[in-house]
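Take a look at the structure set out below.
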Amino acid sequence: MSREQKDHILNFLEKGIRFDGRKLDEYRPIKVEKGFSGNAEGSAKVSIGDTEVLAGVKMSIMEPYPDTPNEGTMMINVELLPLSNPDFEPGPPGIQSIEIARVVDRGIRESGAIDTKKLCIKKGEKVWSVIIDVCPINDDGNLFDASALAVVAALQDAKFPSYDGKVIDYKKKTKESLPLKKLPVSCTVIKIDNHFIVDPTYEEEEKVESRLTVEVEEDGTLCALQKGGDKPLTAEDIDKMVGIGIEKSKELKKFL
Amino acid sequence: MAYTKRNDGRKFDEIRPTEAKAGIIKRADGSAYFKMGKTVAYAAVYGPREIHPKFLQNPKEGKLRCYYNMMPFSSVGDRVRPGANRRAKEIAMVTEKAILPVVDLTEFPNSVVDVFIELPQTDAGTRCAGICAASMALADAGIPMKDMVAAVSIGRVDDKLVVDIDYSEESYEDGTVADIPMAVISRTGEISLLQMDGNLSRDDLKKAIEMAKKACSEIDKIQRDTLKKKYEVKK
């Protein structure tokens, strides 16, 4: 990004507005569409402004891990498709997609969003495995929050396929939803100079000095944090950013 | 028993309900969405841009590079493991050959035009839907083109030739099945993609090609109308 562009963004922030006319703590319009796909067990399309991501749930049966013989398993994967951004390249997941996947994963796992004990079919032998894949279609910034929202929406949409004790019939979906206990949402707060903003566009993301992703449960309990960006944060910064995160999470929750 | 009535009630020469959109991916230089029945394809075009690795540079003309990918949750049953497998690489290659005859990249030496095709939901005919979307996305990106390409898969289900075969027909159990994906260049009627698996008589192939041409002219109209609509001057 050119220096002129940086200065321009800063001048705007100084006045409390952004390129697209939003306030500093304002999200772009959010849309959540559940069930776009009939083939996935659950799916959701989320758009935040021009950013658009798809999430799909696939379920299968596997042997549980030895340390959790009576719990099902969950995995989140993010594929930063080269279709969605000129800078993304085909190939194995890079660090950016791994980071998003792991942060979203922690939000789901640590909040106990899925009651994994209820995914157990037979202790030590058979449990359900739930894999959620996130694929951005267009990256106009804030893939963190869009991905987290899409994952939870897809989990809400998911229905178990029919299972007769031997084989899964994926063509038949039951009416049974996944056992969800919590609905964590993610709010990423960005620090540029001395300004805190939420929901950065791609242009703004290039200018990020530091960011804090705050994953919050319905009651305001934090369930995952991730600091990013090259510059450090002070304790006061963190307190402010967490405050913004908790406040904004209330708005985001309404879309689930 | 002969295949007398199609599983979804279509006529034998009828394509599935089709929906097309252009310019839906804002960050791409050109993009399109193409839905045939339950098969959905997105295509995004980036370029002409610098090519990496550098040894791929061609000082005579630009390169067309296609990628094909099924999203992990796109199909019924098992999750599709991410990453390009042999099938995806082959489809990407034949897609490239299907489109190459209509694009003119002589103005862009040493550059590449990348076409990314993504399938969020599949019900057979994915390479054809991908080619339809890619052709539109290239036009949307303003890449010099001599023509457009449309594609459709003709099937032989038992004793019948069917247009735009879907998954339930591909897995027909009371008889044999052949699957013949084809791409047709719209003005010349030339075939730029032809594959077949199953078995087929020479006569049936001739008929299948005629059916593909007819279906592709319908698809071509949808593609063109969608693009025209996007670029029409609003009064």
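We label chains A, B, ... in the order they appear in the structure tokens, count residues from 1 in each chain, and number ligands from 1 in the order shown.
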Per-residue nearest contacts chain B to chain A, cut-off 7 Å, using only C-alpha atoms, as CSV:
residue,atom,partner,partner_atom,distance
B:Ile25,CA,A:Asn138,CA,5.5
B:Lys26,CA,A:Asn138,CA,6.6
B:Arg27,CA,A:Asn85,CA,6.1
B:Ala28,CA,A:Asn85,CA,6.9
B:Ala44,CA,A:Leu83,CA,5.4
B:Tyr46,CA,A:Pro86,CA,6.6
B:Pro72,CA,A:Asp133,CA,6.5
B:Phe73,CA,A:Ala40,CA,5.3
B:Ser74,CA,A:Asn39,CA,6.1
B:Ser75,CA,A:Asn39,CA,5.2
B:Val76,CA,A:Asn39,CA,4.6
B:Gly77,CA,A:Tyr170,CA,5.3
B:Arg79,CA,A:Lys58,CA,6.0
B:Gly83,CA,A:Pro92,CA,6.7
B:Phe116,CA,A:Leu83,CA,5.3
B:Gln121,CA,A:Ser37,CA,6.2
Save out the residues we just selected, C-alpha atoms, as a tab-separated table (two decimals), in the first residue's frame.
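Heads up, here's the output in result21.tsv:
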chain	number	residue	atom	x	y	z
B	25	ILE	CA	-16.77	-12.06	-7.18
B	26	LYS	CA	-15.73	-8.47	-6.60
B	27	ARG	CA	-12.01	-9.00	-6.18
B	28	ALA	CA	-11.63	-10.97	-9.39
B	44	ALA	CA	-13.00	-16.34	-11.26
B	46	TYR	CA	-7.32	-13.10	-12.58
B	72	PRO	CA	-14.74	-30.52	0.58
B	73	PHE	CA	-18.48	-30.54	1.39
B	74	SER	CA	-19.70	-30.50	-2.21
B	75	SER	CA	-20.82	-34.08	-2.67
B	76	VAL	CA	-23.16	-36.56	-1.06
B	77	GLY	CA	-21.30	-39.01	1.15
B	79	ARG	CA	-15.88	-35.44	2.35
B	83	GLY	CA	-5.90	-30.48	-2.69
B	116	PHE	CA	-10.22	-20.76	-10.95
B	121	GLN	CA	-22.32	-28.46	-4.81
Exercise for review: Enumerate as a VMD selection string all residues of segment 56-98 of chain A assigned to alpha helix (DSSP H) by DSSP on the backbone, naming them with the chain letters and numbers the document uses.
Suggested key: chain A and resid 95 to 98
Review point. Closest to Ala44 of chain A among A:Val242, A:Ile95, A:Ala148, A:Val208, using only C-alpha atoms?
Key: A:Ala148
Review point. For Val163 of chain B, which of B:Val113, B:Ala141, B:Ala212, B:Leu205 is the closest residue, counting only C-alpha atoms?
Key: B:Ala212
Check your understanding: segment 200-204 of chain B: which residues within 8 Å, counting only C-alpha atoms, same-chain residues fewer than 6 positions away excluded, as a list in words?
Key ->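 Near neighbours after the sequence-gap exclusion: Arg156, Leu161 and Ala178 of chain B.
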With C-alpha atoms retained, write the just-selected residues as an mmCIF file, in the first residue's frame.
data_model
loop_
_atom_site.group_PDB
_atom_site.id
_atom_site.type_symbol
_atom_site.label_atom_id
_atom_site.label_comp_id
_atom_site.auth_asym_id
_atom_site.auth_seq_id
_atom_site.Cartn_x
_atom_site.Cartn_y
_atom_site.Cartn_z
ATOM 1 C CA ARG B 156 -26.501 -42.927 -22.746
ATOM 2 C CA LEU B 161 -29.478 -40.816 -25.188
ATOM 3 C CA ALA B 178 -22.099 -43.899 -20.914
#
Practice item. For Arg18 of chain A, list every protein, DNA or RNA residue within 12 Å, evaluated using only C-alpha atoms, and leave out those in the same chain fewer than 2 positions away; present the list as a list in words. Key: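 Final neighbour list, sorted by chain and number: His8, Ile9, Leu10, Asn11, Phe12, Leu13, Glu14, Lys15, Gly16, Asp20, Gly21, Arg22, Lys23, Leu24, Asp25, Glu26, Tyr27, Arg28, His195, Phe196, Ile197, Val198, Asp199, Pro200, Thr201, Glu203 and Glu204 of chain A.
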Point to revise | Counting only C-alpha atoms, the option among B:Arg65, B:Arg127, B:Lys21, B:Lys35 closest to Ala88 of chain B | key: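 With only C-alpha atoms as the atom set, the closest residue is B:Arg127.
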Review point. If you count only C-alpha atoms, which residues fall within 12 Å of Arg87 of chain B, apart from same-chain ones fewer than 2 positions away, as a PyMOL selection string?
Key: chain B and resi 67-70+80+83-85+89-94+126-127
For the selection you just gave me, I'd like the residues written to a file as an mmCIF file, in the first residue's frame, keeping C-alpha atoms.
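So the final result, stored in result_27.cif, reads:
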data_model
loop_
_atom_site.group_PDB
_atom_site.id
_atom_site.type_symbol
_atom_site.label_atom_id
_atom_site.label_comp_id
_atom_site.auth_asym_id
_atom_site.auth_seq_id
_atom_site.Cartn_x
_atom_site.Cartn_y
_atom_site.Cartn_z
ATOM 1 C CA TYR B 67 -7.774 -24.861 -12.002
ATOM 2 C CA TYR B 68 -10.659 -27.105 -11.004
ATOM 3 C CA ASN B 69 -11.607 -27.821 -7.410
ATOM 4 C CA MET B 70 -14.497 -29.484 -5.654
ATOM 5 C CA VAL B 80 -13.679 -34.570 -0.629
ATOM 6 C CA GLY B 83 -5.904 -30.476 -2.688
ATOM 7 C CA ALA B 84 -5.637 -31.307 -6.363
ATOM 8 C CA ASN B 85 -5.952 -35.040 -7.015
ATOM 9 C CA LYS B 89 -5.697 -32.048 -12.541
ATOM 10 C CA GLU B 90 -6.987 -33.852 -15.607
ATOM 11 C CA ILE B 91 -10.237 -31.904 -15.599
ATOM 12 C CA ALA B 92 -8.304 -28.647 -15.248
ATOM 13 C CA MET B 93 -6.243 -29.638 -18.269
ATOM 14 C CA VAL B 94 -9.194 -30.543 -20.502
ATOM 15 C CA THR B 126 -19.231 -30.502 -13.010
ATOM 16 C CA ARG B 127 -16.608 -30.023 -15.714
#
